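Asks: One file: my_file-v8.cif (mmCIF, N, CA and C atoms).
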```cif
data_model
#
loop_
_atom_site.label_atom_id
_atom_site.label_comp_id
_atom_site.auth_asym_id
_atom_site.auth_seq_id
_atom_site.Cartn_x
_atom_site.Cartn_y
_atom_site.Cartn_z
N MET A 1 0.85 -1.19 0.00
CA MET A 1 0.00 0.00 0.00
C MET A 1 0.88 1.24 0.00
N ASN A 2 0.50 2.24 -0.73
CA ASN A 2 1.27 3.47 -0.89
C ASN A 2 1.19 4.34 0.36
N PHE A 3 2.31 4.98 0.71
CA PHE A 3 2.38 5.84 1.89
C PHE A 3 1.34 6.96 1.84
N LEU A 4 1.17 7.57 0.67
CA LEU A 4 0.25 8.69 0.53
C LEU A 4 -1.19 8.27 0.82
N THR A 5 -1.63 7.17 0.24
CA THR A 5 -3.01 6.75 0.44
C THR A 5 -3.22 6.17 1.83
N MET A 6 -2.17 5.73 2.48
CA MET A 6 -2.30 5.22 3.85
C MET A 6 -2.47 6.35 4.86
N ASN A 7 -2.03 7.54 4.56
CA ASN A 7 -2.02 8.63 5.51
C ASN A 7 -3.01 9.75 5.21
N ILE A 8 -3.77 9.62 4.16
CA ILE A 8 -4.72 10.66 3.75
C ILE A 8 -6.07 10.01 3.47
N TYR A 9 -7.13 10.69 3.86
CA TYR A 9 -8.44 10.24 3.43
C TYR A 9 -9.20 11.39 2.79
N VAL A 10 -10.04 11.03 1.83
CA VAL A 10 -10.81 12.00 1.08
C VAL A 10 -12.27 11.87 1.48
N ASN A 11 -12.85 12.96 1.92
CA ASN A 11 -14.26 13.02 2.28
C ASN A 11 -14.94 13.82 1.18
N ALA A 12 -15.66 13.13 0.32
CA ALA A 12 -16.27 13.79 -0.84
C ALA A 12 -17.79 13.59 -0.83
N TRP A 13 -18.50 14.69 -0.88
CA TRP A 13 -19.95 14.67 -1.02
C TRP A 13 -20.25 15.32 -2.37
N LEU A 14 -20.45 14.47 -3.37
CA LEU A 14 -20.62 14.97 -4.73
C LEU A 14 -22.07 15.01 -5.19
N ASP A 15 -22.90 14.14 -4.65
CA ASP A 15 -24.27 14.02 -5.09
C ASP A 15 -25.20 14.72 -4.10
N CYS A 16 -25.00 16.03 -3.97
CA CYS A 16 -25.83 16.82 -3.07
C CYS A 16 -25.93 18.25 -3.61
N ARG A 17 -26.72 19.05 -2.93
CA ARG A 17 -26.96 20.42 -3.40
C ARG A 17 -25.67 21.26 -3.43
N ASN A 18 -24.85 21.12 -2.41
CA ASN A 18 -23.58 21.85 -2.33
C ASN A 18 -22.44 20.84 -2.19
N PRO A 19 -21.99 20.29 -3.30
CA PRO A 19 -20.94 19.28 -3.22
C PRO A 19 -19.63 19.89 -2.70
N TYR A 20 -18.84 19.04 -2.05
CA TYR A 20 -17.53 19.48 -1.60
C TYR A 20 -16.60 18.28 -1.51
N ILE A 21 -15.32 18.58 -1.48
CA ILE A 21 -14.29 17.58 -1.29
C ILE A 21 -13.37 18.11 -0.20
N ALA A 22 -13.10 17.26 0.79
CA ALA A 22 -12.17 17.62 1.85
C ALA A 22 -11.12 16.51 1.94
N ILE A 23 -9.86 16.91 2.04
CA ILE A 23 -8.76 15.96 2.18
C ILE A 23 -8.18 16.14 3.58
N HIS A 24 -8.10 15.03 4.32
CA HIS A 24 -7.66 15.07 5.71
C HIS A 24 -6.46 14.16 5.95
N ASN A 25 -5.68 14.51 6.95
CA ASN A 25 -4.62 13.64 7.45
C ASN A 25 -5.30 12.59 8.32
N LYS A 26 -5.06 11.31 8.05
CA LYS A 26 -5.71 10.23 8.80
C LYS A 26 -5.31 10.20 10.27
N HIS A 27 -4.10 10.61 10.57
CA HIS A 27 -3.60 10.46 11.93
C HIS A 27 -4.13 11.49 12.90
N ASP A 28 -4.25 12.73 12.46
CA ASP A 28 -4.72 13.77 13.38
C ASP A 28 -5.99 14.47 12.90
N GLY A 29 -6.49 14.10 11.71
CA GLY A 29 -7.73 14.68 11.20
C GLY A 29 -7.59 16.07 10.62
N ASP A 30 -6.37 16.62 10.60
CA ASP A 30 -6.16 17.97 10.06
C ASP A 30 -6.65 18.06 8.62
N LEU A 31 -7.31 19.17 8.32
CA LEU A 31 -7.76 19.45 6.95
C LEU A 31 -6.57 19.91 6.13
N MET A 32 -6.31 19.21 5.04
CA MET A 32 -5.19 19.55 4.16
C MET A 32 -5.63 20.37 2.97
N ALA A 33 -6.84 20.10 2.48
CA ALA A 33 -7.36 20.83 1.32
C ALA A 33 -8.88 20.73 1.34
N PHE A 34 -9.52 21.80 0.86
CA PHE A 34 -10.98 21.83 0.77
C PHE A 34 -11.37 22.44 -0.56
N PHE A 35 -12.34 21.82 -1.21
CA PHE A 35 -12.87 22.31 -2.49
C PHE A 35 -14.36 22.55 -2.33
N ASN A 36 -14.80 23.78 -2.58
CA ASN A 36 -16.21 24.11 -2.47
C ASN A 36 -16.97 23.66 -3.72
N ALA A 37 -18.27 23.90 -3.73
CA ALA A 37 -19.13 23.44 -4.82
C ALA A 37 -18.66 23.96 -6.18
N ASN A 38 -18.29 25.23 -6.26
CA ASN A 38 -17.85 25.79 -7.54
C ASN A 38 -16.61 25.08 -8.05
N LYS A 39 -15.65 24.85 -7.17
CA LYS A 39 -14.40 24.20 -7.58
C LYS A 39 -14.65 22.73 -7.94
N VAL A 40 -15.51 22.05 -7.19
CA VAL A 40 -15.83 20.65 -7.48
C VAL A 40 -16.44 20.55 -8.87
N ASN A 41 -17.40 21.41 -9.14
CA ASN A 41 -18.04 21.39 -10.47
C ASN A 41 -17.03 21.69 -11.57
N GLN A 42 -16.14 22.64 -11.33
CA GLN A 42 -15.10 22.98 -12.31
C GLN A 42 -14.18 21.78 -12.56
N LEU A 43 -13.78 21.09 -11.51
CA LEU A 43 -12.89 19.93 -11.65
C LEU A 43 -13.55 18.81 -12.45
N ILE A 44 -14.83 18.57 -12.18
CA ILE A 44 -15.55 17.50 -12.88
C ILE A 44 -15.80 17.89 -14.33
N GLU A 45 -16.23 19.13 -14.56
CA GLU A 45 -16.51 19.59 -15.93
C GLU A 45 -15.25 19.61 -16.79
N SER A 46 -14.11 19.92 -16.19
CA SER A 46 -12.86 19.96 -16.95
C SER A 46 -12.29 18.56 -17.17
N GLY A 47 -12.81 17.58 -16.46
CA GLY A 47 -12.32 16.21 -16.61
C GLY A 47 -11.11 15.89 -15.76
N GLU A 48 -10.69 16.83 -14.91
CA GLU A 48 -9.54 16.56 -14.04
C GLU A 48 -9.84 15.43 -13.06
N VAL A 49 -11.08 15.35 -12.60
CA VAL A 49 -11.53 14.24 -11.76
C VAL A 49 -12.91 13.81 -12.24
N SER A 50 -13.30 12.62 -11.86
CA SER A 50 -14.64 12.13 -12.20
C SER A 50 -15.25 11.48 -10.96
N VAL A 51 -16.54 11.31 -10.98
CA VAL A 51 -17.22 10.65 -9.87
C VAL A 51 -16.69 9.23 -9.72
N GLU A 52 -16.39 8.58 -10.83
CA GLU A 52 -15.87 7.21 -10.80
C GLU A 52 -14.53 7.13 -10.07
N ASP A 53 -13.73 8.19 -10.16
CA ASP A 53 -12.45 8.20 -9.44
C ASP A 53 -12.65 8.03 -7.94
N PHE A 54 -13.70 8.64 -7.42
CA PHE A 54 -13.98 8.58 -5.99
C PHE A 54 -14.56 7.23 -5.57
N GLU A 55 -15.18 6.54 -6.50
CA GLU A 55 -15.79 5.24 -6.22
C GLU A 55 -14.82 4.08 -6.37
N SER A 56 -13.70 4.32 -6.99
CA SER A 56 -12.75 3.26 -7.30
C SER A 56 -12.08 2.71 -6.04
N THR A 57 -11.85 1.41 -6.05
CA THR A 57 -11.08 0.77 -4.98
C THR A 57 -9.65 0.48 -5.42
N ASP A 58 -9.34 0.79 -6.68
CA ASP A 58 -8.00 0.57 -7.22
C ASP A 58 -7.01 1.53 -6.58
N GLU A 59 -5.92 0.99 -6.06
CA GLU A 59 -4.91 1.78 -5.36
C GLU A 59 -4.30 2.86 -6.25
N SER A 60 -3.99 2.54 -7.49
CA SER A 60 -3.37 3.54 -8.37
C SER A 60 -4.35 4.66 -8.72
N THR A 61 -5.62 4.34 -8.86
CA THR A 61 -6.62 5.37 -9.12
C THR A 61 -6.76 6.30 -7.93
N ARG A 62 -6.75 5.73 -6.73
CA ARG A 62 -6.83 6.55 -5.52
C ARG A 62 -5.61 7.47 -5.39
N LEU A 63 -4.46 6.92 -5.65
CA LEU A 63 -3.23 7.71 -5.58
C LEU A 63 -3.25 8.86 -6.60
N GLU A 64 -3.69 8.56 -7.81
CA GLU A 64 -3.77 9.60 -8.84
C GLU A 64 -4.79 10.68 -8.45
N LEU A 65 -5.91 10.27 -7.87
CA LEU A 65 -6.94 11.21 -7.44
C LEU A 65 -6.39 12.15 -6.37
N ILE A 66 -5.76 11.59 -5.36
CA ILE A 66 -5.20 12.40 -4.28
C ILE A 66 -4.12 13.33 -4.82
N SER A 67 -3.26 12.81 -5.67
CA SER A 67 -2.19 13.63 -6.26
C SER A 67 -2.77 14.78 -7.08
N THR A 68 -3.78 14.49 -7.87
CA THR A 68 -4.41 15.51 -8.70
C THR A 68 -5.03 16.59 -7.83
N LEU A 69 -5.78 16.19 -6.81
CA LEU A 69 -6.45 17.17 -5.95
C LEU A 69 -5.44 18.05 -5.20
N LEU A 70 -4.39 17.44 -4.67
CA LEU A 70 -3.39 18.23 -3.96
C LEU A 70 -2.62 19.15 -4.90
N THR A 71 -2.37 18.68 -6.11
CA THR A 71 -1.68 19.52 -7.11
C THR A 71 -2.54 20.72 -7.49
N VAL A 72 -3.83 20.49 -7.70
CA VAL A 72 -4.75 21.58 -8.04
C VAL A 72 -4.80 22.59 -6.90
N LYS A 73 -4.88 22.10 -5.67
CA LYS A 73 -4.94 23.01 -4.52
C LYS A 73 -3.66 23.83 -4.40
N PHE A 74 -2.52 23.17 -4.60
CA PHE A 74 -1.23 23.86 -4.54
C PHE A 74 -1.14 24.91 -5.64
N ALA A 75 -1.55 24.56 -6.85
CA ALA A 75 -1.51 25.50 -7.97
C ALA A 75 -2.42 26.70 -7.71
N ASP A 76 -3.60 26.45 -7.17
CA ASP A 76 -4.51 27.55 -6.85
C ASP A 76 -3.92 28.47 -5.79
N SER A 77 -3.25 27.90 -4.80
CA SER A 77 -2.62 28.70 -3.75
C SER A 77 -1.51 29.57 -4.33
N ILE A 78 -0.73 29.02 -5.25
CA ILE A 78 0.33 29.79 -5.88
C ILE A 78 -0.26 30.94 -6.70
N LYS A 79 -1.31 30.65 -7.47
CA LYS A 79 -1.96 31.70 -8.26
C LYS A 79 -2.47 32.82 -7.37
N ASP A 80 -3.12 32.46 -6.25
CA ASP A 80 -3.64 33.48 -5.33
C ASP A 80 -2.51 34.33 -4.75
N GLU A 81 -1.42 33.69 -4.38
CA GLU A 81 -0.28 34.43 -3.82
C GLU A 81 0.33 35.37 -4.86
N LEU A 82 0.47 34.90 -6.09
CA LEU A 82 1.02 35.75 -7.14
C LEU A 82 0.12 36.94 -7.44
N LYS A 83 -1.18 36.73 -7.39
CA LYS A 83 -2.11 37.85 -7.60
C LYS A 83 -1.94 38.89 -6.49
N LYS A 84 -1.83 38.42 -5.24
CA LYS A 84 -1.64 39.35 -4.13
C LYS A 84 -0.34 40.12 -4.28
N ARG A 85 0.72 39.41 -4.61
CA ARG A 85 2.02 40.07 -4.76
C ARG A 85 2.01 41.03 -5.95
N GLY A 86 1.31 40.67 -7.01
CA GLY A 86 1.21 41.54 -8.17
C GLY A 86 0.50 42.83 -7.84
N ARG A 87 -0.55 42.75 -7.05
CA ARG A 87 -1.27 43.96 -6.64
C ARG A 87 -0.40 44.84 -5.76
N SER A 88 0.33 44.22 -4.83
CA SER A 88 1.17 45.04 -3.96
C SER A 88 2.34 45.63 -4.74
N LEU A 89 2.85 44.91 -5.72
CA LEU A 89 3.93 45.42 -6.56
C LEU A 89 3.46 46.63 -7.37
N LYS A 90 2.25 46.55 -7.92
CA LYS A 90 1.70 47.67 -8.69
C LYS A 90 1.54 48.90 -7.82
N SER A 91 1.09 48.72 -6.59
CA SER A 91 0.90 49.87 -5.71
C SER A 91 2.24 50.47 -5.30
N ARG A 92 3.27 49.62 -5.14
CA ARG A 92 4.60 50.14 -4.81
C ARG A 92 5.19 50.89 -6.00
N LYS A 93 5.00 50.37 -7.20
CA LYS A 93 5.53 51.04 -8.40
C LYS A 93 4.87 52.40 -8.59
N ALA A 94 3.59 52.50 -8.34
CA ALA A 94 2.87 53.76 -8.53
C ALA A 94 3.34 54.83 -7.55
N SER A 95 3.83 54.40 -6.39
CA SER A 95 4.24 55.38 -5.39
C SER A 95 5.70 55.79 -5.51
N GLN A 96 6.46 55.15 -6.41
CA GLN A 96 7.88 55.47 -6.56
C GLN A 96 8.13 56.23 -7.85
N PRO A 97 9.12 57.12 -7.84
CA PRO A 97 9.49 57.81 -9.08
C PRO A 97 9.99 56.80 -10.13
N ALA A 98 9.81 57.14 -11.37
CA ALA A 98 10.12 56.22 -12.47
C ALA A 98 11.62 55.91 -12.57
N ASN A 99 12.50 56.80 -12.12
CA ASN A 99 13.93 56.56 -12.29
C ASN A 99 14.58 55.84 -11.10
N ASP A 100 13.83 55.56 -10.04
CA ASP A 100 14.38 54.86 -8.88
C ASP A 100 14.41 53.35 -9.14
N LEU A 101 15.43 52.70 -8.61
CA LEU A 101 15.49 51.25 -8.64
C LEU A 101 14.63 50.69 -7.52
N MET A 102 14.02 49.57 -7.78
CA MET A 102 13.20 48.95 -6.76
C MET A 102 13.60 47.49 -6.64
N TRP A 103 13.91 47.06 -5.43
CA TRP A 103 14.26 45.66 -5.17
C TRP A 103 13.08 44.98 -4.54
N ILE A 104 12.80 43.78 -5.01
CA ILE A 104 11.66 43.03 -4.50
C ILE A 104 12.17 41.82 -3.75
#
```
Starting from the file, give its structure as structure tokens.
Replies:
Amino acid sequence: MNFLTMNIYVNAWLDCRNPYIAIHNKHDGDLMAFFNANKVNQLIESGEVSVEDFESTDESTRLELISTLLTVKFADSIKDELKKRGRSLKSRKASQPANDLMWI
């Protein structure tokens, strides 16, 4: 059995009014990632995950599902951070004279 699938569990409610996916650490129950209804629908519509992925008992399918979900969450976090930094960079540039050097 793979280390990743042994230490993580996925709590997915897909067939309801407000579907969600939550990924938890099995040992302490800590929430590692959460996907709201909008993100769940986006993931399914884009084909990144399917309902069948969650129903599968195949170890490799489970591993791929967990890897995909964590990768998507990580990528979204990076995008959000870059957007924040981009906004703060724009505000810093606007407040500085054009000929000054700026170190980031």
Asks: Evaluate the PyMOL selection byres ((chain A and resi 23) around 7) against this structure - the residues, as a list of chain:residue names, please.
Replies: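 Checked against the file, the PyMOL selection byres ((chain A and resi 23) around 7) matches A:Ile8, A:Tyr9, A:Val10, A:Asn11, A:Ile21, A:Ala22, A:His24, A:Asn25, A:Asp30, A:Leu31, A:Met32, A:Ala33, A:Phe34, A:Phe35.
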Asks: For Tyr20 (chain A), work out the shell of residues within 8 Å, counting all atoms listed in the file and skipping chain neighbours fewer than 4 positions away, then give it as an NGL selection string.
Replies: :A and (11-16 or 34-41)
Asks: Distance CA of Leu63 (chain A)-atom C of Gly47 (chain A), one decimal place?
Replies: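 Between CA of Leu63 (chain A) and atom C of Gly47 (chain A) the gap works out to 15.3 Å.
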